[in-house]
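J.: Before we start, here is the structure in question, set down as structure tokens.
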Amino acid sequence: MVSALTLSSDTRTTAGILLLTIVAVEYGGLTVVTNVLARDGIWAAAILFPAGFFLSSAGRAATQPNRLILLVYAGAVALPAGVLALRHRASDA
């Protein structure tokens with residue numbers, strides 16, 4: 001059985017307001033994340049790359065990198081994210 005859902009005028013108004021509010025909150029969240037990436041992404045990469053190389057090979061009998069090599073990959077993600085966010089923020093100004 002298919003039944004039609006009938007919304008009152010107040011319900012439609014509330015749904016419209018919620019839809020606009022959700023879009024505004026998501027846009028604001030994206031803006032905050034972009035500010036954080038632009039501010040912290042580049043220097044984080046400058047720390048993560050050498051830390052990953054050094055810490056992944058630490059130890060007397062190390063012949064292969066350990067799990068801390070993932071820091072290098074984190075730096076490889078942080079650097080372009082920071083640069084792109086900085087470029088995006090500069091184009092908004």
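Starting from 1 in every chain, residues are counted up; chains themselves are A, B, ... following the order of the structure tokens, and ligands are numbered from 1 as listed.
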If you count only C-alpha atoms, which residues fall within 12 Å of A:Arg87, apart from same-chain ones fewer than 4 positions away, as a list in words?
T.: Thr34, Asn35, Leu37, Ala38, Arg39, Pro80, Ala81, Gly82, Val83, Ser91, Asp92 and Ala93 of chain A
J.: Since we have the selection now, will you write its residues out, keeping C-alpha atoms, as an mmCIF file, in the first residue's frame?
T.:
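The result, written out as out-v6.cif:
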data_model
loop_
_atom_site.group_PDB
_atom_site.id
_atom_site.type_symbol
_atom_site.label_atom_id
_atom_site.label_comp_id
_atom_site.auth_asym_id
_atom_site.auth_seq_id
_atom_site.Cartn_x
_atom_site.Cartn_y
_atom_site.Cartn_z
ATOM 1 C CA THR A 34 40.250 25.347 5.366
ATOM 2 C CA ASN A 35 41.593 27.986 7.850
ATOM 3 C CA LEU A 37 44.702 23.423 6.917
ATOM 4 C CA ALA A 38 46.097 26.672 5.550
ATOM 5 C CA ARG A 39 47.575 27.568 8.922
ATOM 6 C CA PRO A 80 49.362 19.603 -0.632
ATOM 7 C CA ALA A 81 46.296 20.026 1.600
ATOM 8 C CA GLY A 82 47.922 23.033 3.255
ATOM 9 C CA VAL A 83 49.077 24.531 -0.028
ATOM 10 C CA SER A 91 41.818 33.677 -3.808
ATOM 11 C CA ASP A 92 38.957 34.584 -1.418
ATOM 12 C CA ALA A 93 40.762 37.681 -0.158
#
J.: Using only C-alpha atoms, which protein or nucleic acid residues come within 9 Å of A:Val77? Drop anything in the same chain fewer than 5 positions from it, and give the result as a PyMOL selection string.
T.: chain A and resi 41+45+72+82
J.: For the residues in the current selection, export N, CA and C atoms as an mmCIF file, in the first residue's frame.
T.:
data_model
loop_
_atom_site.group_PDB
_atom_site.id
_atom_site.type_symbol
_atom_site.label_atom_id
_atom_site.label_comp_id
_atom_site.auth_asym_id
_atom_site.auth_seq_id
_atom_site.Cartn_x
_atom_site.Cartn_y
_atom_site.Cartn_z
ATOM 1 N N GLY A 41 48.885 23.028 7.925
ATOM 2 C CA GLY A 41 49.256 21.939 7.028
ATOM 3 C C GLY A 41 50.698 21.958 6.582
ATOM 4 N N ALA A 45 53.702 19.271 7.744
ATOM 5 C CA ALA A 45 54.432 18.454 6.780
ATOM 6 C C ALA A 45 55.934 18.583 6.978
ATOM 7 N N VAL A 72 55.510 9.731 7.162
ATOM 8 C CA VAL A 72 55.911 10.294 5.869
ATOM 9 C C VAL A 72 54.680 10.458 4.969
ATOM 10 N N GLY A 82 47.632 21.695 2.759
ATOM 11 C CA GLY A 82 47.922 23.033 3.255
ATOM 12 C C GLY A 82 48.123 24.037 2.142
#
J.: Could you check how far atom CA of A:Phe49 sits from atom CA of A:Leu70, in Å to one decimal?
T.: 9.5 Å
